[in-house]
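Here the structure is laid out as structure tokens; the discussion comes afterwards.
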Amino acid sequence: MSIQHVTAESSWRYLAAIVTLCICAASLRAQSTEPQQTQPQQSVSARSETAQTLQERVTLLESEVTELKSLVKQMQASSQVAAADGRTPVVAESLQSQSVQSQSLPSQTSPEQTLTTAEDRKQLDFLHGTTINLGLDSYYEYNFNHPVGRVNLLRAYDVLSNNFSLNQASVIFDHPPDAAAGRRWGGRLDLQFGQATDTSQGNPANEPRPDIYRNIFQAYGTYIVPVGKGVDVDFGKWGSSLGIEGNYTKDQMNYSRAYWFSFLPFYHMGFRASYPVSDRFTVNYWVVNGTNQAEATNGFKDELFGFTAKPQKSVIWTMNYYLGQDHPDRTPASNCGPIPVQPGLCFVAIRPAPDGRTHIFDSYVTWQTTAKLTLQIEGDYEIERLWKNAAPGESSTPSVVAGGAAYARYQFTPKLALAARGEYMSDSGLFSGINQDLKETTVTFDYNLGDGFLTRYEWRRDFSNQPSFLTDVQGLLTKQQNTATIGLIWWWGRKQGAW
């Protein structure tokens with residue numbers, strides 16, 4: 001209850017008391033002047049005593065009423081003075097009591113002021129919005145070809161059959177910028193361990209020192225340049241956004257990854273920027289070392305030009321064009337002379353070095369048709385040359401990989417969902433090493449046991465026009481493979497949405 005309310009209530013009580021006293025006084029006066037016929041049997045002396053007593057009571061009541069009126073006037077005067085001083089109106093006695101208490105008692109502070117110092121508050125403000133998130137991705141898969149070595153060919157993450165496998169264990173530290181709060185910088189660090197790490201990170205064919213960066217899936221700093229609506233700039237290593245599928249299984253429609261996820265770049269190291277031209281259109285630009293290169297294998301810097309459009313609230317369309325040159329201009333050597341160098345930094349130059357370009361055209365669309373049904377489609381075309389221009393002994397014949405994938409997912413209930421994927425890839429040898437047409441179909445059933453615990457049950461069929469998959473006979477390949485998978489995915493942390 002507020003002080004104003006208490007004061008107003010007290011005033012009404014005093015006024016009610018005054019009115020009551022006045023009524024009582026009037027009643028007593030009336031009784032004192034009643035005709036003597038009403039009590040014919042009373043004696044004259046008794047009536048005289050009664051009248052005198054009543055008169056004394058009336059006099060006492062009138063005195064109390066006068067005193068109450070004086071108190072009301074004092075209260076009104078105190079309220080006017082307090083209002084003029086900008087204080088909440090209170091009873092004068094309350095003000096005096098509070099003044100005495102404030103002088104006699106030691107100063108007190110709120111629990112927050114007592115427990116939190118200025119330095120603590122600084123640290124808490126710095127950590128505002130920071131999240132630490134953990135993920136665990138495991139599976140058991142059975143390949144009905146009974147392949148030699150229990151190896152699933154042409155798979156990115158689910159590479160083993162008839163084996164309890166740890167696909168990926170992840171730790172994410174995320175401190176995003178918040179321009180609205182005056183903090184324009186941020187950063188992110190993703191540490192990754194498991195089978196997926198060996199597949200996607202630190203390939204010796206691309207990295208001269210792969211072990212240095214293998215467990216660092218992402219590590220980049222962010223700054224929002226105060227130009228227009230804000231230019232979002234990142235520098236460091238990040239997961240590639242070429243292709244619709246990503247690294248973290250919980251954010252994908254299926255447990256296994258598509259051929260295109262395996263073929264397109266996994267990560268880049270360099271600089272990227274994005275600018276929101278409007279709420280529905282954002283442009284993107286990258287300058288990077290190369291595809292899957294934390295350390296560049298040549299002096300050429302790859303570039304990406306792209307955009308993300310939202311023609312409708314339910315539709316997101318991404319278009320990317322990537323220009324690169326990924327042929328190395330050096331090769332590792334074992335002896336660099338008398339001057340010592342760090343391990344892995346001894347090279348011999350390749351002269352002349354191949355200078356053929358890589359062109360990747362990548363486009364994908366997500367359409368949230370209803371609250372429960374999501375559709376996705378992806379199309380890709382990559383062309384690569386060993387030499388930019390033809391010359392004796394230097395071929396500029398292009399190698400081409402083209403195709404796409406289609407996805408659908410229906411969320412029956414918050415716990416149950418069903419997803420399907422169909423895919424086609426025309427490979428001239430850049431992906432699989434032979435000229436073939438690869439196809440696959442996948443059906444995935446999701447059962448969510450709780451917030452942060454997802455189980456996936458998947459059936460997948462891979463097939464080709466060329467023998468490309470292992471069998472139980474050493475050296476004998478077949479044109480198809482069928483697998484059944486159970487995936488168990490856990491994650492916890494305060495980061496919301498896709499990782």
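Residues are named by chain letter and number: chains run A, B, ... in the order of the structure tokens, numbers start at 1 in each chain, and ligands are numbered from 1 in the order shown.
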For Lys495 in chain A, list every protein, DNA or RNA residue within 8 Å, evaluated using only C-alpha atoms, and leave out those in the same chain fewer than 6 positions away; present the list as a PDB file with C-alpha atoms, in the first residue's frame.
```pdb
ATOM      1  CA  THR A 131      26.571 -18.246 -23.896  1.00  0.00           C
ATOM      2  CA  ILE A 132      28.531 -21.447 -23.323  1.00  0.00           C
ATOM      3  CA  ASN A 133      26.983 -24.370 -25.166  1.00  0.00           C
TER       4      ASN A 133
END
```
- Message: Would you pick out the contacts of range 410-418 of chain A at 8 Å or less, using only C-alpha atoms, so that residues sharing its chain but fewer than 6 positions from it are not included, and give the list as a list in words?
- Response: Lys372, Leu373, Thr374, Val443, Thr444, Phe445, Asp446, Tyr447, Asn448, Leu449 and Gly450 of chain A
Store the residues of this selection in a file with N, CA and C atoms, as a compact mmCIF listing (two decimals), in the first residue's frame.
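result.txt written:
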```
# COMPACT_ATOMS: atom_id res chain seq x y z
N LYS A 372 3.84 -26.51 -39.88
CA LYS A 372 4.36 -27.86 -39.71
C LYS A 372 5.18 -28.36 -40.88
N LEU A 373 4.99 -27.80 -42.07
CA LEU A 373 5.65 -28.32 -43.27
C LEU A 373 6.72 -27.35 -43.77
N THR A 374 7.95 -27.86 -43.94
CA THR A 374 9.07 -27.08 -44.47
C THR A 374 9.62 -27.77 -45.71
N VAL A 443 15.22 -41.19 -45.66
CA VAL A 443 14.02 -40.93 -44.85
C VAL A 443 14.46 -40.94 -43.39
N THR A 444 14.07 -39.89 -42.65
CA THR A 444 14.51 -39.72 -41.26
C THR A 444 13.31 -39.47 -40.37
N PHE A 445 13.22 -40.24 -39.30
CA PHE A 445 12.15 -40.06 -38.30
C PHE A 445 12.76 -39.50 -37.04
N ASP A 446 12.21 -38.39 -36.55
CA ASP A 446 12.69 -37.73 -35.33
C ASP A 446 11.74 -38.01 -34.16
N TYR A 447 12.34 -38.35 -33.02
CA TYR A 447 11.58 -38.41 -31.78
C TYR A 447 12.35 -37.63 -30.72
N ASN A 448 11.72 -36.54 -30.28
CA ASN A 448 12.38 -35.64 -29.32
C ASN A 448 12.01 -36.07 -27.91
N LEU A 449 12.98 -36.59 -27.18
CA LEU A 449 12.73 -37.07 -25.82
C LEU A 449 12.67 -35.94 -24.80
N GLY A 450 13.12 -34.78 -25.17
CA GLY A 450 13.11 -33.64 -24.26
C GLY A 450 13.85 -32.48 -24.89
```
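From CA of Gly135 in chain A back to CA of Leu153 in chain A, the distance works out to 25.7 Å.
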- Message: Going by DSSP on the backbone, which residues of range 201-426 of chain A come out as strand (DSSP E or B)? List them as an NGL selection string.
- Response: :A and (216-225 or 231-239 or 267-278 or 281-288 or 302-312 or 315-324 or 330-332 or 347-349 or 358-368 or 373-384 or 391 or 394 or 399-411 or 416-426)
- Of the listed residues A:Ala419, A:Ala196, A:Ala309, A:Val341, that which approaches Leu166 in chain A most closely, counting only C-alpha atoms: A:Ala196
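Reported to one decimal place, the separation of CA of Arg456 in chain A from CA of Asn482 in chain A is 16.7 Å.
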Within 12 Å of range 258-268 of chain A, which residues of range 340-448 of chain A show up? Give each one with its shortest atom-to-atom distance in Å (one decimal) and the two atoms involved, counting only C-alpha atoms, rows by chain then rising residue number, as JSON lines.
```
{"residue": "A:Thr358", "atom": "CA", "partner": "A:Leu264", "partner_atom": "CA", "distance": 11.7}
{"residue": "A:His359", "atom": "CA", "partner": "A:Leu264", "partner_atom": "CA", "distance": 11.6}
{"residue": "A:Ile360", "atom": "CA", "partner": "A:Leu264", "partner_atom": "CA", "distance": 8.8}
{"residue": "A:Phe361", "atom": "CA", "partner": "A:Leu264", "partner_atom": "CA", "distance": 10.7}
{"residue": "A:Asp362", "atom": "CA", "partner": "A:Leu264", "partner_atom": "CA", "distance": 9.5}
{"residue": "A:Ser363", "atom": "CA", "partner": "A:Trp260", "partner_atom": "CA", "distance": 11.9}
{"residue": "A:Tyr364", "atom": "CA", "partner": "A:Trp260", "partner_atom": "CA", "distance": 11.9}
{"residue": "A:Glu378", "atom": "CA", "partner": "A:Trp260", "partner_atom": "CA", "distance": 9.3}
{"residue": "A:Gly379", "atom": "CA", "partner": "A:Trp260", "partner_atom": "CA", "distance": 9.5}
{"residue": "A:Asp380", "atom": "CA", "partner": "A:Trp260", "partner_atom": "CA", "distance": 8.1}
{"residue": "A:Tyr381", "atom": "CA", "partner": "A:Leu264", "partner_atom": "CA", "distance": 10.3}
{"residue": "A:Glu382", "atom": "CA", "partner": "A:Leu264", "partner_atom": "CA", "distance": 9.2}
{"residue": "A:Val401", "atom": "CA", "partner": "A:Phe263", "partner_atom": "CA", "distance": 9.4}
{"residue": "A:Ala402", "atom": "CA", "partner": "A:Trp260", "partner_atom": "CA", "distance": 9.6}
{"residue": "A:Gly403", "atom": "CA", "partner": "A:Trp260", "partner_atom": "CA", "distance": 8.7}
{"residue": "A:Gly404", "atom": "CA", "partner": "A:Trp260", "partner_atom": "CA", "distance": 7.6}
{"residue": "A:Ala405", "atom": "CA", "partner": "A:Ala258", "partner_atom": "CA", "distance": 8.0}
{"residue": "A:Ala406", "atom": "CA", "partner": "A:Ala258", "partner_atom": "CA", "distance": 10.3}
{"residue": "A:Tyr407", "atom": "CA", "partner": "A:Ala258", "partner_atom": "CA", "distance": 10.6}
{"residue": "A:Ala420", "atom": "CA", "partner": "A:Ala258", "partner_atom": "CA", "distance": 11.6}
{"residue": "A:Arg421", "atom": "CA", "partner": "A:Ala258", "partner_atom": "CA", "distance": 8.5}
{"residue": "A:Gly422", "atom": "CA", "partner": "A:Ala258", "partner_atom": "CA", "distance": 9.0}
{"residue": "A:Glu423", "atom": "CA", "partner": "A:Ala258", "partner_atom": "CA", "distance": 7.4}
{"residue": "A:Tyr424", "atom": "CA", "partner": "A:Tyr259", "partner_atom": "CA", "distance": 8.4}
{"residue": "A:Met425", "atom": "CA", "partner": "A:Tyr259", "partner_atom": "CA", "distance": 7.6}
{"residue": "A:Ser426", "atom": "CA", "partner": "A:Tyr259", "partner_atom": "CA", "distance": 10.7}
{"residue": "A:Asp427", "atom": "CA", "partner": "A:Phe263", "partner_atom": "CA", "distance": 10.3}
{"residue": "A:Gly429", "atom": "CA", "partner": "A:Phe263", "partner_atom": "CA", "distance": 11.2}
{"residue": "A:Leu430", "atom": "CA", "partner": "A:Phe263", "partner_atom": "CA", "distance": 8.5}
{"residue": "A:Phe431", "atom": "CA", "partner": "A:Phe263", "partner_atom": "CA", "distance": 6.0}
{"residue": "A:Ser432", "atom": "CA", "partner": "A:Phe263", "partner_atom": "CA", "distance": 9.0}
{"residue": "A:Gly433", "atom": "CA", "partner": "A:Phe263", "partner_atom": "CA", "distance": 11.7}
{"residue": "A:Asp437", "atom": "CA", "partner": "A:Tyr259", "partner_atom": "CA", "distance": 11.5}
{"residue": "A:Leu438", "atom": "CA", "partner": "A:Tyr259", "partner_atom": "CA", "distance": 8.5}
{"residue": "A:Lys439", "atom": "CA", "partner": "A:Tyr259", "partner_atom": "CA", "distance": 8.8}
{"residue": "A:Glu440", "atom": "CA", "partner": "A:Ala258", "partner_atom": "CA", "distance": 8.3}
{"residue": "A:Thr441", "atom": "CA", "partner": "A:Ala258", "partner_atom": "CA", "distance": 9.5}
{"residue": "A:Thr442", "atom": "CA", "partner": "A:Ala258", "partner_atom": "CA", "distance": 9.3}
```
Export of prior selection with N, CA and C atoms as a short mmCIF file (atom, residue, chain, number, x, y, z; two decimals), in the first residue's frame:
```cif
data_model
loop_
_atom_site.label_atom_id
_atom_site.label_comp_id
_atom_site.auth_asym_id
_atom_site.auth_seq_id
_atom_site.Cartn_x
_atom_site.Cartn_y
_atom_site.Cartn_z
N THR A 358 38.58 -21.92 -60.07
CA THR A 358 37.40 -22.68 -59.64
C THR A 358 36.22 -21.73 -59.56
N HIS A 359 35.10 -22.12 -60.16
CA HIS A 359 33.87 -21.32 -60.12
C HIS A 359 32.76 -22.17 -59.51
N ILE A 360 32.14 -21.68 -58.45
CA ILE A 360 31.04 -22.39 -57.79
C ILE A 360 29.80 -21.49 -57.82
N PHE A 361 28.73 -22.03 -58.39
CA PHE A 361 27.43 -21.36 -58.36
C PHE A 361 26.53 -22.18 -57.44
N ASP A 362 26.09 -21.55 -56.38
CA ASP A 362 25.36 -22.26 -55.33
C ASP A 362 24.10 -21.46 -54.97
N SER A 363 22.96 -22.13 -54.97
CA SER A 363 21.71 -21.46 -54.65
C SER A 363 20.80 -22.41 -53.89
N TYR A 364 20.11 -21.91 -52.87
CA TYR A 364 19.16 -22.75 -52.14
C TYR A 364 18.04 -21.88 -51.55
N GLU A 378 18.01 -27.17 -53.31
CA GLU A 378 19.37 -26.66 -53.53
C GLU A 378 19.84 -27.04 -54.92
N GLY A 379 20.52 -26.10 -55.57
CA GLY A 379 21.12 -26.37 -56.87
C GLY A 379 22.56 -25.90 -56.88
N ASP A 380 23.47 -26.72 -57.46
CA ASP A 380 24.89 -26.38 -57.46
C ASP A 380 25.53 -26.72 -58.80
N TYR A 381 26.51 -25.89 -59.15
CA TYR A 381 27.28 -26.11 -60.37
C TYR A 381 28.70 -25.64 -60.11
N GLU A 382 29.66 -26.55 -60.26
CA GLU A 382 31.07 -26.19 -60.06
C GLU A 382 31.87 -26.59 -61.29
N VAL A 401 31.03 -30.55 -61.91
CA VAL A 401 30.12 -31.28 -61.02
C VAL A 401 28.84 -30.46 -60.94
N ALA A 402 27.70 -31.10 -61.19
CA ALA A 402 26.42 -30.37 -61.21
C ALA A 402 25.33 -31.24 -60.62
N GLY A 403 24.31 -30.60 -60.09
CA GLY A 403 23.18 -31.34 -59.54
C GLY A 403 22.47 -30.54 -58.46
N GLY A 404 21.80 -31.26 -57.56
CA GLY A 404 21.07 -30.59 -56.50
C GLY A 404 20.41 -31.58 -55.57
N ALA A 405 19.64 -31.04 -54.64
CA ALA A 405 18.94 -31.85 -53.64
C ALA A 405 17.63 -31.18 -53.27
N ALA A 406 16.65 -32.02 -52.87
CA ALA A 406 15.35 -31.52 -52.43
C ALA A 406 15.03 -32.13 -51.06
N TYR A 407 14.39 -31.34 -50.20
CA TYR A 407 14.11 -31.75 -48.82
C TYR A 407 12.66 -31.43 -48.48
N ALA A 420 12.48 -36.16 -45.42
CA ALA A 420 12.95 -36.93 -46.56
C ALA A 420 13.87 -36.07 -47.41
N ARG A 421 14.83 -36.72 -48.09
CA ARG A 421 15.75 -36.02 -48.97
C ARG A 421 15.99 -36.86 -50.22
N GLY A 422 16.01 -36.19 -51.36
CA GLY A 422 16.40 -36.82 -52.61
C GLY A 422 17.51 -36.00 -53.25
N GLU A 423 18.50 -36.68 -53.85
CA GLU A 423 19.69 -35.95 -54.30
C GLU A 423 20.24 -36.55 -55.59
N TYR A 424 20.82 -35.67 -56.39
CA TYR A 424 21.45 -36.09 -57.64
C TYR A 424 22.75 -35.30 -57.83
N MET A 425 23.80 -36.02 -58.25
CA MET A 425 25.08 -35.37 -58.54
C MET A 425 25.70 -36.00 -59.78
N SER A 426 25.96 -35.14 -60.77
CA SER A 426 26.69 -35.56 -61.96
C SER A 426 28.15 -35.19 -61.73
N ASP A 427 28.98 -36.22 -61.53
CA ASP A 427 30.36 -36.01 -61.10
C ASP A 427 31.32 -36.43 -62.21
N GLY A 429 34.42 -36.54 -61.71
CA GLY A 429 35.57 -37.08 -61.01
C GLY A 429 36.11 -36.19 -59.92
N LEU A 430 35.66 -34.94 -59.83
CA LEU A 430 36.15 -34.03 -58.79
C LEU A 430 35.77 -34.50 -57.40
N PHE A 431 34.59 -35.12 -57.27
CA PHE A 431 34.13 -35.55 -55.95
C PHE A 431 34.56 -36.98 -55.63
N SER A 432 34.23 -37.91 -56.50
CA SER A 432 34.44 -39.33 -56.19
C SER A 432 35.67 -39.93 -56.86
N GLY A 433 36.27 -39.20 -57.79
CA GLY A 433 37.44 -39.72 -58.47
C GLY A 433 37.14 -40.44 -59.76
N ASP A 437 27.18 -40.83 -62.19
CA ASP A 437 25.98 -40.13 -61.73
C ASP A 437 25.57 -40.74 -60.39
N LEU A 438 25.68 -39.94 -59.34
CA LEU A 438 25.35 -40.40 -57.99
C LEU A 438 23.95 -39.95 -57.60
N LYS A 439 23.24 -40.84 -56.91
CA LYS A 439 21.90 -40.52 -56.42
C LYS A 439 21.74 -41.13 -55.02
N GLU A 440 20.89 -40.49 -54.23
CA GLU A 440 20.56 -41.06 -52.92
C GLU A 440 19.20 -40.58 -52.47
N THR A 441 18.52 -41.43 -51.69
CA THR A 441 17.25 -41.07 -51.05
C THR A 441 17.37 -41.41 -49.57
N THR A 442 16.83 -40.53 -48.74
CA THR A 442 16.95 -40.69 -47.29
C THR A 442 15.61 -40.36 -46.63
#
```
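Going from CA of Ala391 in chain A to CA of Pro328 in chain A covers 18.9 Å.
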- Within 7 Å of Ile489 in chain A, counting only C-alpha atoms, which residues qualify if same-chain residues fewer than 6 places away don't, as a list in words? Leu136, Asp137, Ser138, Lys250, Phe453, Leu454 and Thr455 of chain A
Selection file, C-alpha atoms, as a tab-separated table (two decimals), in the first residue's frame:
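Result file is again-v4.tsv:
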```
chain	number	residue	atom	x	y	z
A	136	LEU	CA	27.19	-34.43	-28.19
A	137	ASP	CA	26.40	-36.31	-31.43
A	138	SER	CA	26.65	-40.12	-31.53
A	250	LYS	CA	20.42	-31.01	-34.54
A	453	PHE	CA	17.77	-34.60	-26.44
A	454	LEU	CA	16.86	-35.80	-29.94
A	455	THR	CA	16.77	-39.34	-31.33
```
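For the set A:Tyr285, A:Gly475, A:Asn162, A:Thr59, the residue with the smallest atom-to-atom gap to Ser241 in chain A is A:Tyr285, counting only C-alpha atoms.
Every residue of range 245-468 of chain A with a DSSP assignment of helix (DSSP H, G or I), taken from the backbone, is listed as Thr249, Lys250, Asp251, Tyr259, Trp260, Phe261, Ser262 and Phe263 of chain A.
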Can those selected residues be exported to a file as a JSON list (two decimals), in the first residue's frame so that it contains N, CA and C atoms?
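Result file follows (again-v7.json):
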```
[["chain", "number", "residue", "atom", "x", "y", "z"],
["A", 249, "THR", "N", 24.25, -31.46, -36.31],
["A", 249, "THR", "CA", 23.21, -32.38, -36.72],
["A", 249, "THR", "C", 21.83, -31.95, -36.25],
["A", 250, "LYS", "N", 21.73, -31.38, -35.08],
["A", 250, "LYS", "CA", 20.42, -31.01, -34.54],
["A", 250, "LYS", "C", 19.71, -29.98, -35.40],
["A", 251, "ASP", "N", 20.46, -29.24, -36.22],
["A", 251, "ASP", "CA", 19.88, -28.18, -37.05],
["A", 251, "ASP", "C", 19.59, -28.65, -38.46],
["A", 259, "TYR", "N", 25.64, -35.59, -50.45],
["A", 259, "TYR", "CA", 26.89, -35.55, -51.21],
["A", 259, "TYR", "C", 27.41, -34.12, -51.31],
["A", 260, "TRP", "N", 26.49, -33.19, -51.50],
["A", 260, "TRP", "CA", 26.90, -31.79, -51.71],
["A", 260, "TRP", "C", 27.55, -31.20, -50.47],
["A", 261, "PHE", "N", 27.11, -31.62, -49.29],
["A", 261, "PHE", "CA", 27.79, -31.18, -48.08],
["A", 261, "PHE", "C", 29.23, -31.69, -48.06],
["A", 262, "SER", "N", 29.42, -32.94, -48.49],
["A", 262, "SER", "CA", 30.76, -33.53, -48.51],
["A", 262, "SER", "C", 31.65, -32.89, -49.56],
["A", 263, "PHE", "N", 31.05, -32.44, -50.66],
["A", 263, "PHE", "CA", 31.84, -31.93, -51.78],
["A", 263, "PHE", "C", 32.18, -30.45, -51.64]]
```
- Query: Closest to Ser256 in chain A among A:Arg330, A:Arg357, A:Arg184, A:Arg155, using only C-alpha atoms?
  - Reply: A:Arg155
- Task: Write out as an NGL selection string each polymer residue whose atoms come within 9 Å of range 215-224 of chain A, counting only C-alpha atoms; drop sequence neighbours fewer than 4 positions from it.
- Result: :A and (172 or 176-179 or 183-193 or 197-198 or 200-202 or 211 or 230-239 or 267)
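Using only C-alpha atoms for every distance, the candidate list A:Lys313, A:Trp459, A:Leu323, A:Thr331 yields A:Lys313 as the residue closest to Trp367 in chain A.
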- Message: Applying 9 Å and only C-alpha atoms, which residues near Asp355 in chain A remain after dropping the ones on its own chain fewer than 3 positions away? List them as a ChimeraX atom specification.
- Response: /A:325-329,352,385-389
